[in-house]
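Have a look at data.txt; it's compact mmCIF, C-alpha atoms:
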```txt
# COMPACT_ATOMS: atom_id res chain seq x y z
CA MET A 297 -22.88 4.32 -30.16
CA LEU A 298 -19.69 3.25 -31.82
CA PHE A 299 -17.49 5.76 -30.06
CA LYS A 300 -18.83 4.79 -26.61
CA ARG A 301 -18.15 1.12 -27.18
CA SER A 302 -14.69 1.83 -28.55
CA LEU A 303 -13.92 4.19 -25.66
CA LEU A 304 -15.05 1.73 -22.96
CA GLN A 305 -13.03 -1.12 -24.47
CA GLU A 306 -9.85 0.94 -24.53
CA LEU A 307 -10.49 2.30 -21.03
CA ILE A 308 -10.83 -1.23 -19.62
CA SER A 309 -7.65 -2.51 -21.29
CA THR A 310 -5.67 0.58 -20.27
CA ALA A 311 -6.99 0.37 -16.70
CA MET A 312 -5.84 -3.24 -16.33
CA GLY A 313 -2.36 -2.42 -17.56
CA THR A 314 -2.07 0.72 -15.42
CA LEU A 315 -3.25 -1.04 -12.26
CA LEU A 316 -0.84 -3.95 -12.80
CA ILE A 317 2.08 -1.54 -13.23
CA LEU A 318 1.18 0.40 -10.08
CA LEU A 319 0.69 -2.84 -8.13
CA GLY A 320 4.10 -4.02 -9.29
CA VAL A 321 5.75 -0.79 -8.16
CA VAL A 322 4.09 -0.91 -4.73
CA ILE A 323 4.82 -4.61 -4.22
CA ALA A 324 8.48 -4.13 -5.17
CA GLN A 325 8.84 -1.13 -2.86
CA ARG A 326 7.11 -2.72 0.14
CA ALA A 327 8.77 -6.11 -0.37
CA GLY A 328 12.20 -4.48 -0.46
CA TYR A 329 11.44 -2.58 2.74
CA LEU A 330 10.15 -5.69 4.56
CA ILE A 331 13.08 -7.80 3.38
CA GLN A 332 15.43 -5.13 4.71
CA LEU A 333 13.73 -5.33 8.11
CA ALA A 334 13.97 -9.13 8.05
CA ALA A 335 17.67 -8.98 7.16
CA LYS A 336 18.27 -6.79 10.22
CA GLY A 337 16.36 -9.24 12.42
CA ILE A 338 13.58 -6.73 13.16
CA LEU A 339 10.94 -8.76 11.32
CA PRO A 340 10.70 -12.58 11.14
CA ASN A 341 11.09 -14.08 7.66
CA ASP A 342 7.79 -15.94 7.82
CA SER A 343 5.86 -12.70 8.35
CA ILE A 344 6.95 -10.94 5.14
CA THR A 345 4.18 -12.40 2.97
CA VAL A 346 1.45 -11.66 5.52
CA MET A 347 2.60 -8.08 6.08
CA LEU A 348 2.94 -7.51 2.34
CA GLY A 349 -0.61 -8.75 1.72
CA PHE A 350 -2.16 -6.53 4.40
CA ASN A 351 -0.16 -3.48 3.24
CA LEU A 352 -1.33 -4.06 -0.32
CA ILE A 353 -4.97 -4.04 0.82
CA ARG A 354 -4.37 -0.80 2.71
CA PHE A 355 -2.90 0.94 -0.35
CA LEU A 356 -5.46 -0.47 -2.80
CA PRO A 357 -8.00 2.43 -2.62
CA MET A 358 -5.32 5.00 -3.47
CA LEU A 359 -3.95 2.75 -6.24
CA LEU A 360 -7.40 2.36 -7.79
CA SER A 361 -7.97 6.11 -7.60
CA LEU A 362 -4.66 6.87 -9.31
CA SER A 363 -5.26 4.11 -11.89
CA LEU A 364 -8.67 5.57 -12.77
CA PHE A 365 -7.20 9.05 -13.21
CA LEU A 366 -4.27 7.86 -15.34
CA THR A 367 -6.44 5.52 -17.41
CA ILE A 368 -8.78 8.28 -18.58
CA LEU A 369 -5.90 10.67 -19.11
CA LEU A 370 -3.83 8.19 -21.15
CA THR A 371 -6.74 6.99 -23.26
CA LEU A 372 -8.10 10.38 -24.25
CA SER A 373 -4.58 11.77 -24.78
CA ARG A 374 -3.88 8.98 -27.26
CA TRP A 375 -7.08 9.82 -29.11
CA TYR A 376 -5.97 13.44 -29.41
CA ARG A 377 -2.45 12.43 -30.41
CA ASP A 378 -3.64 10.03 -33.15
CA SER A 379 -6.24 12.52 -34.41
CA GLU A 380 -9.15 10.22 -33.59
CA MET A 381 -10.83 13.11 -31.80
CA ILE A 382 -11.10 14.94 -35.14
CA VAL A 383 -13.31 12.14 -36.43
CA TRP A 384 -15.65 12.36 -33.47
CA PHE A 385 -15.75 16.16 -33.44
CA SER A 386 -16.46 16.12 -37.19
CA SER A 387 -19.41 13.80 -36.62
CA GLY A 388 -21.08 16.42 -34.44
CA LEU A 389 -19.85 15.39 -30.98
CA SER A 390 -18.43 17.79 -28.43
CA ILE A 391 -16.16 17.20 -25.46
CA ASN A 392 -19.25 17.07 -23.23
CA ASN A 393 -20.33 13.85 -24.95
CA TRP A 394 -17.43 12.12 -23.21
CA ILE A 395 -18.90 12.71 -19.75
CA ARG A 396 -21.50 9.92 -19.87
CA PRO A 397 -19.18 7.06 -20.99
CA ILE A 398 -16.52 8.23 -18.53
CA PHE A 399 -19.17 8.24 -15.79
CA THR A 400 -20.33 4.74 -16.82
CA PHE A 401 -16.77 3.45 -16.63
CA SER A 402 -15.91 5.25 -13.38
CA ILE A 403 -18.94 4.39 -11.22
CA PRO A 404 -18.08 0.67 -10.63
CA VAL A 405 -14.51 1.66 -9.73
CA ILE A 406 -15.75 4.40 -7.38
CA VAL A 407 -18.09 1.92 -5.66
CA LEU A 408 -15.20 -0.52 -5.19
CA ILE A 409 -12.98 2.27 -3.83
CA SER A 410 -15.75 3.28 -1.39
CA ILE A 411 -16.12 -0.28 -0.08
CA LEU A 412 -12.37 -0.66 0.32
CA SER A 413 -11.94 2.74 1.98
CA LEU A 414 -14.87 2.49 4.40
CA PHE A 415 -14.71 -1.19 5.37
CA THR A 416 -11.80 -3.23 4.00
CA THR A 417 -8.91 -0.86 4.72
CA PRO A 418 -9.81 -0.40 8.45
CA TRP A 419 -10.09 -4.19 8.77
CA ALA A 420 -6.66 -4.67 7.13
CA THR A 421 -5.13 -1.99 9.37
CA HIS A 422 -6.59 -3.69 12.45
CA LYS A 423 -5.18 -7.04 11.31
CA VAL A 424 -1.72 -5.49 10.78
CA GLU A 425 -1.70 -4.06 14.31
CA GLU A 426 -2.97 -7.34 15.73
CA TYR A 427 -0.34 -9.31 13.84
CA ARG A 428 2.43 -6.98 15.02
CA SER A 429 1.27 -7.48 18.59
CA GLN A 430 1.46 -11.24 18.09
CA LEU A 431 4.98 -10.92 16.67
CA LYS A 432 6.09 -8.99 19.75
CA SER A 433 4.76 -11.77 22.01
CA ARG A 434 6.64 -14.52 20.18
CA ASP A 435 9.60 -16.14 21.92
CA ASP A 436 13.22 -15.43 21.02
CA ILE A 437 13.68 -18.52 18.87
CA ALA A 438 10.63 -17.77 16.74
CA THR A 439 12.03 -14.36 15.81
CA ILE A 440 15.45 -15.61 14.71
CA SER A 441 16.37 -15.24 11.05
CA PRO A 442 18.95 -17.71 9.66
CA GLY A 443 22.40 -16.19 9.41
CA VAL A 444 21.57 -13.19 11.63
CA PHE A 445 22.66 -12.61 15.25
CA LYS A 446 19.55 -11.98 17.37
CA GLU A 447 19.52 -10.53 20.87
CA SER A 448 16.90 -11.82 23.29
CA ALA A 449 14.12 -9.63 24.62
CA HIS A 450 15.86 -9.36 28.03
CA ALA A 451 19.25 -8.62 26.40
CA ASP A 452 20.89 -11.48 28.30
CA ARG A 453 21.36 -13.83 25.35
CA VAL A 454 22.52 -13.68 21.74
CA PHE A 455 21.37 -16.38 19.33
CA PHE A 456 22.73 -17.39 15.95
CA VAL A 457 21.33 -20.15 13.77
CA GLU A 458 22.77 -21.02 10.39
CA SER A 459 19.65 -22.67 8.95
CA PHE A 460 16.26 -24.22 9.70
CA ASP A 461 14.57 -27.22 8.19
CA GLU A 462 11.43 -26.80 6.06
CA LEU A 463 9.11 -26.93 9.08
CA GLY A 464 11.30 -24.65 11.20
CA ASN A 465 11.58 -27.18 14.06
CA VAL A 466 15.14 -28.47 13.51
CA VAL A 467 17.99 -25.94 13.55
CA LYS A 468 21.60 -26.42 12.47
CA ASN A 469 24.88 -24.90 13.66
CA ILE A 470 23.63 -23.11 16.76
CA PHE A 471 25.52 -20.43 18.67
CA VAL A 472 24.18 -19.05 21.97
CA GLN A 473 25.95 -16.50 24.14
CA SER A 474 24.56 -15.89 27.62
CA ILE A 475 25.52 -14.17 30.86
CA GLN A 476 24.90 -16.04 34.13
CA HIS A 477 26.25 -15.04 37.55
CA GLN A 478 28.51 -12.40 35.97
CA LYS A 479 30.11 -15.08 33.80
CA LEU A 480 30.07 -15.28 30.05
CA GLY A 481 28.88 -18.58 28.63
CA ILE A 482 28.97 -19.76 25.03
CA LEU A 483 27.09 -22.79 23.73
CA VAL A 484 27.88 -24.32 20.35
CA ALA A 485 26.09 -27.29 18.80
CA ALA A 486 25.79 -28.76 15.32
CA GLN A 487 22.07 -29.43 15.62
CA GLY A 488 19.07 -28.76 17.81
CA ASN A 489 15.30 -28.77 17.94
CA ARG A 490 12.43 -27.09 19.73
CA MET A 491 10.39 -28.85 22.39
CA ILE A 492 7.18 -27.72 24.08
CA GLU A 493 6.25 -29.26 27.42
CA LYS A 494 2.68 -30.04 28.48
CA ASN A 495 2.60 -26.94 30.68
CA GLY A 496 3.44 -24.76 27.65
CA ASP A 497 7.12 -24.13 28.43
CA ASN A 498 9.37 -23.81 25.36
CA PHE A 499 12.86 -25.30 25.25
CA LEU A 500 15.67 -25.28 22.73
CA ILE A 501 17.33 -28.70 22.86
CA MET A 502 20.95 -28.70 21.64
CA HIS A 503 22.63 -31.99 20.67
CA HIS A 504 26.31 -32.95 20.74
CA GLY A 505 27.87 -29.58 21.49
CA HIS A 506 30.26 -27.73 23.76
CA ARG A 507 29.81 -25.15 26.49
CA TYR A 508 32.46 -22.59 27.32
CA GLN A 509 32.21 -20.45 30.44
CA GLY A 510 34.51 -17.91 32.04
CA ALA A 511 34.79 -14.43 33.52
CA ARG A 512 35.01 -11.47 31.19
CA GLY A 513 38.54 -10.30 30.53
CA SER A 514 40.04 -13.48 31.97
CA ALA A 515 41.92 -16.19 30.10
CA GLU A 516 40.55 -18.85 32.44
CA TYR A 517 37.48 -20.66 31.23
CA SER A 518 35.92 -24.06 31.56
CA THR A 519 34.92 -26.37 28.73
CA THR A 520 32.09 -28.87 28.95
CA GLU A 521 31.06 -31.34 26.29
CA PHE A 522 27.42 -32.38 26.33
CA GLU A 523 25.19 -34.78 24.49
CA LYS A 524 21.99 -32.86 25.17
CA TYR A 525 21.50 -29.37 26.60
CA ALA A 526 18.14 -27.64 27.14
CA ILE A 527 17.65 -23.86 27.18
CA ARG A 528 14.33 -22.52 28.39
CA VAL A 529 12.96 -19.88 26.04
CA GLU A 530 10.52 -17.42 27.55
CA ALA A 531 7.79 -15.88 25.47
CA ALA A 532 7.51 -12.13 25.61
CA GLU A 533 4.54 -10.67 27.40
CA SER A 534 1.82 -9.47 25.07
CA GLN A 535 1.20 -5.78 25.57
CA GLN A 536 -2.32 -4.56 24.91
CA THR A 537 -2.15 -1.28 23.03
CA GLU A 538 -4.93 1.10 22.20
CA PRO A 539 -6.10 0.59 18.59
CA SER A 540 -5.22 3.42 16.25
CA VAL A 541 -7.85 5.62 14.64
CA GLN A 542 -7.07 4.09 11.23
CA SER A 543 -7.98 0.62 12.51
CA LYS A 544 -11.39 1.57 13.91
CA SER A 545 -14.45 0.56 11.95
CA THR A 546 -16.47 3.21 10.15
CA LEU A 547 -19.47 2.51 12.40
CA ASN A 548 -17.28 3.08 15.45
CA LEU A 549 -16.12 6.42 14.03
CA ILE A 550 -19.72 7.52 13.49
CA GLN A 551 -20.85 6.46 16.97
CA ASN A 552 -17.88 8.04 18.80
CA LYS A 553 -17.46 11.52 17.38
CA ASN A 554 -14.32 13.38 18.36
CA ASN A 555 -11.81 15.36 16.34
CA SER A 556 -9.63 12.38 15.44
CA ASN A 557 -12.55 10.13 14.51
CA VAL A 558 -14.25 12.83 12.42
CA ALA A 559 -10.99 13.54 10.58
CA GLU A 560 -10.49 9.85 9.82
CA LEU A 561 -14.10 9.48 8.64
CA GLN A 562 -13.70 12.51 6.39
CA TRP A 563 -10.53 11.01 4.93
CA ARG A 564 -12.24 7.70 4.13
CA LEU A 565 -15.02 9.56 2.35
CA ALA A 566 -12.52 11.81 0.58
CA ILE A 567 -10.83 8.96 -1.30
CA PRO A 568 -13.83 7.98 -3.51
CA ILE A 569 -14.99 11.61 -3.83
CA SER A 570 -11.55 12.76 -5.02
CA ALA A 571 -11.38 9.78 -7.40
CA LEU A 572 -14.64 10.85 -9.05
CA ILE A 573 -13.56 14.49 -9.37
CA LEU A 574 -10.17 13.51 -10.79
CA ALA A 575 -11.82 11.17 -13.29
CA PHE A 576 -13.81 14.04 -14.81
CA LEU A 577 -10.86 16.41 -14.46
CA ALA A 578 -8.88 14.07 -16.73
CA ILE A 579 -11.25 14.89 -19.64
CA PRO A 580 -10.11 18.51 -20.16
CA LEU A 581 -6.55 17.69 -19.06
CA SER A 582 -6.20 15.08 -21.82
CA ALA A 583 -6.54 17.66 -24.62
CA LEU A 584 -3.11 18.06 -26.19
CA ASP A 585 -1.73 21.45 -27.09
CA PRO A 586 0.72 20.97 -30.01
CA ARG A 587 2.70 24.06 -28.98
CA ALA A 588 3.14 22.83 -25.38
CA GLY A 589 4.33 19.33 -26.24
CA ARG A 590 2.95 15.90 -25.45
CA SER A 591 4.13 15.77 -21.84
CA ALA A 592 2.73 19.14 -20.71
CA ASN A 593 -0.71 17.81 -19.80
CA PHE A 594 0.81 14.86 -17.90
CA ALA A 595 3.00 17.19 -15.87
CA LEU A 596 -0.01 19.38 -15.06
CA ALA A 597 -2.09 16.30 -14.16
CA LEU A 598 0.65 15.02 -11.83
CA ILE A 599 0.89 18.41 -10.10
CA ILE A 600 -2.89 18.55 -9.62
CA TYR A 601 -3.01 14.99 -8.22
CA ILE A 602 -0.18 15.62 -5.74
CA LEU A 603 -1.63 18.98 -4.73
CA TYR A 604 -5.10 17.49 -4.23
CA ASN A 605 -3.91 14.67 -1.97
CA ASN A 606 -1.51 16.86 0.00
CA LEU A 607 -4.23 19.42 0.69
CA LEU A 608 -6.54 16.65 1.88
CA SER A 609 -3.82 15.36 4.24
CA ILE A 610 -3.13 18.86 5.62
CA ILE A 611 -6.81 19.65 6.20
CA GLN A 612 -7.34 16.25 7.80
CA ALA A 613 -4.54 16.99 10.27
CA TRP A 614 -6.11 20.35 11.08
CA VAL A 615 -9.51 18.74 11.66
CA SER A 616 -7.88 16.16 13.94
CA GLN A 617 -6.19 18.97 15.91
CA GLY A 618 -9.43 20.92 16.20
CA LYS A 619 -8.22 23.85 14.09
CA ILE A 620 -11.06 23.31 11.59
CA ASN A 621 -14.63 22.42 12.50
CA GLY A 622 -15.46 18.80 11.75
CA PHE A 623 -18.67 19.86 10.00
CA VAL A 624 -16.58 21.77 7.44
CA GLY A 625 -13.98 19.03 7.20
CA LEU A 626 -12.40 18.35 3.83
CA TRP A 627 -15.29 19.68 1.75
CA PRO A 628 -13.59 23.01 0.85
CA VAL A 629 -10.81 21.08 -0.91
CA HIS A 630 -13.33 19.00 -2.88
CA LEU A 631 -15.31 22.11 -3.84
CA PHE A 632 -12.13 23.89 -4.94
CA PHE A 633 -11.07 21.12 -7.31
CA LEU A 634 -14.65 20.59 -8.44
CA GLY A 635 -14.68 24.25 -9.45
CA ILE A 636 -11.39 23.79 -11.33
CA MET A 637 -12.83 20.78 -13.14
CA LEU A 638 -16.00 22.64 -14.20
CA TYR A 639 -14.01 25.70 -15.29
CA MET A 640 -11.58 23.62 -17.38
CA LEU A 641 -14.46 21.72 -19.00
CA TYR A 642 -16.14 25.02 -19.88
CA ARG A 643 -12.94 26.54 -21.27
CA ARG A 644 -12.15 23.42 -23.28
CA THR A 645 -15.68 23.42 -24.73
CA GLN A 646 -15.30 27.05 -25.77
CA GLN A 647 -11.83 26.59 -27.22
CA LEU A 648 -12.67 23.58 -29.39
CA PRO A 649 -14.44 24.78 -32.53
CA MET A 650 -17.26 22.60 -33.71
CA LEU A 651 -16.40 21.14 -37.09
CA PRO A 652 -19.16 20.71 -39.64
CA SER A 653 -21.43 17.85 -38.78
CA LEU A 654 -20.54 14.94 -41.03
CA ASN A 655 -21.83 11.45 -41.25
CA LEU A 656 -19.26 9.06 -39.83
CA ALA A 657 -19.57 6.66 -42.73
CA GLY A 658 -19.14 9.53 -45.16
CA TRP A 659 -16.06 10.73 -43.28
CA THR A 660 -14.51 7.25 -43.49
CA LEU A 661 -15.29 7.02 -47.21
CA PHE A 662 -13.74 10.49 -47.72
CA LYS A 663 -10.50 9.36 -46.06
CA LYS A 664 -10.33 6.23 -48.26
CA ASN A 665 -10.85 8.24 -51.42
CA ALA A 666 -8.22 10.75 -50.33
CA LYS A 667 -5.66 7.96 -50.17
```
Take the structure in the file and give it back as structure tokens.
Amino acid sequence: MLFKRSLLQELISTAMGTLLILLGVVIAQRAGYLIQLAAKGILPNDSITVMLGFNLIRFLPMLLSLSLFLTILLTLSRWYRDSEMIVWFSSGLSINNWIRPIFTFSIPVIVLISILSLFTTPWATHKVEEYRSQLKSRDDIATISPGVFKESAHADRVFFVESFDELGNVVKNIFVQSIQHQKLGILVAAQGNRMIEKNGDNFLIMHHGHRYQGARGSAEYSTTEFEKYAIRVEAAESQQTEPSVQSKSTLNLIQNKNNSNVAELQWRLAIPISALILAFLAIPLSALDPRAGRSANFALALIIYILYNNLLSIIQAWVSQGKINGFVGLWPVHLFFLGIMLYMLYRRTQQLPMLPSLNLAGWTLFKKNAK
């Protein structure tokens, strides 16, 4: 039918715009946070892009769910606002006729959300934890950010490098402060480079610099000028940590059933289920009430979305703590909002009077003649 084709086309275009806006907001927020960590020297500069990519994959199921909800809400609200709904109601359609095209549009998105939630997100979480473990095992030089003072893992040295070359091997304007035999030593060089021996030892080679050494609080110190000075850089020991529940595969959660695993499995299933319920809930929420204003339904939709997700998070925590049986899980929350959705659809169907059934072509001709 004409209205189904028109509805699907507008839903697709609105969904693309909504998803791009939400992706832009998340990328800006996460990028700002990661850049702040890099500026403080907590996170290496070369890891920002990798961490941002993995975090984006982790948030993608929730972004798709919110995009689906907002897309249906925005599209149908515009139809009410521009009086296009009057045309369709006059042609003999009711609000229930919108369920099938909304279902057709939502199912591919729900399938994608399910795949991301059950398989892709745990993989991305595992990769983030693995990458963080690798960052912790990197040596002191690898974690230095240009222009930032960086303390070594053993707190016996402070490094400062003004800049790196494009490959990160040659450093310029190096400052190293160290403590040896209760004496404070400072090394300054205009240039240096990294060198790895055959046995795997890492060295920072400083060229044409000076070394100052003296006791703390004393004015006596010695000065040494050198052509080449090597500092051995020790790599931090890699600590094997237990993988988090969020990083375990779905198959692992099913095979090893405990409170935490059941709660995580319920959460992964809850994301696509809640997305489907919210998609149909957007149909009655999109109906505009002229006396309430255009933003009333959006405020109500936002409250419902926040309440839905917060209740899921609370119940998940209770299942993980053993306060709620894992067999019950998050299903009461889904059933509650499913009941709200069915009730609102029923009330909206009863409130909307059926206009006389008119032929769509005749209705269009009537509007042209009226002009």
Requested in this report: Just the residues within 7 Å of segment 539-555 of chain A, please, counting all atoms listed in the file, with nothing from its chain fewer than 2 positions along; format it as a VMD selection string.
Outcome: chain A and resid 414 to 415 418 to 419 421 to 422 537 557 to 561 615 to 618 622
Query - Using all atoms listed in the file: which of A:Ser518, A:Thr345, A:Thr645, A:Ser474 has the shortest distance to Asn393 of chain A - result: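 The closest residue to Asn393 of chain A is A:Thr645.
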Query - Distance of atom CA of Ala592 of chain A from atom CA of Thr367 of chain A, expressed in Å to one decimal place - result: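 Separation of atom CA of Thr367 of chain A and atom CA of Ala592 of chain A: 16.7 Å.
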Report task. Go through A:Thr417, A:Gln646, A:Thr400, A:Asn606 one by one, measure the shortest atom-to-atom distance of each to Gly349 of chain A using all atoms listed in the file, and give the residue with the smallest value. Result ->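 Closest to Gly349 of chain A, using all atoms listed in the file: A:Thr417.
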Query raised in the report: Which residue gives the smallest distance to Phe471 of chain A among A:Phe499, A:Phe522, A:Tyr639, A:Tyr508, with only C-alpha atoms counted?
Result: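 Using only C-alpha atoms, the shortest distance to Phe471 of chain A belongs to A:Tyr508.
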Query raised in the report: Which one of A:Ala327, A:His630, A:Gln478, A:Thr520 sits closest to Ser343 of chain A if you count all atoms listed in the file?
Result: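 Checking each of A:Ala327, A:His630, A:Gln478, A:Thr520 against Ser343 of chain A, counting all atoms listed in the file, the winner is A:Ala327.
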Requested in this report: Can you work out the spacing between atom CA of Arg326 of chain A and atom CA of Asn351 of chain A in Å, to one decimal?
Outcome: 7.9 Å
Report task. Kindly indicate which residue among A:Ala511, A:Ile395, A:Ile611, A:Ala526 lies nearest to Leu638 of chain A, using all atoms listed in the file for the distances. Result ->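 Among the listed residues, the smallest separation from Leu638 of chain A belongs to A:Ile395.
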Starting from the structure just given, write a file holding segment 500-515 of chain A with C-alpha atoms, as a short mmCIF file (atom, residue, chain, number, x, y, z; two decimals), in the first residue's frame.
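And here is the file that came out, decode-v2.cif:
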```cif
data_model
loop_
_atom_site.label_atom_id
_atom_site.label_comp_id
_atom_site.auth_asym_id
_atom_site.auth_seq_id
_atom_site.Cartn_x
_atom_site.Cartn_y
_atom_site.Cartn_z
CA LEU A 500 66.85 4.76 25.83
CA ILE A 501 69.98 6.15 24.14
CA MET A 502 70.57 9.86 24.82
CA HIS A 503 72.95 11.84 22.59
CA HIS A 504 75.03 14.93 23.38
CA GLY A 505 73.65 15.80 26.80
CA HIS A 506 74.56 16.58 30.38
CA ARG A 507 74.19 14.72 33.65
CA TYR A 508 73.83 16.48 36.97
CA GLN A 509 74.09 14.57 40.25
CA GLY A 510 74.08 15.63 43.88
CA ALA A 511 72.58 15.03 47.30
CA ARG A 512 69.16 16.41 48.07
CA GLY A 513 69.22 19.74 49.87
CA SER A 514 72.90 20.28 49.08
CA ALA A 515 74.40 22.91 46.80
#
```
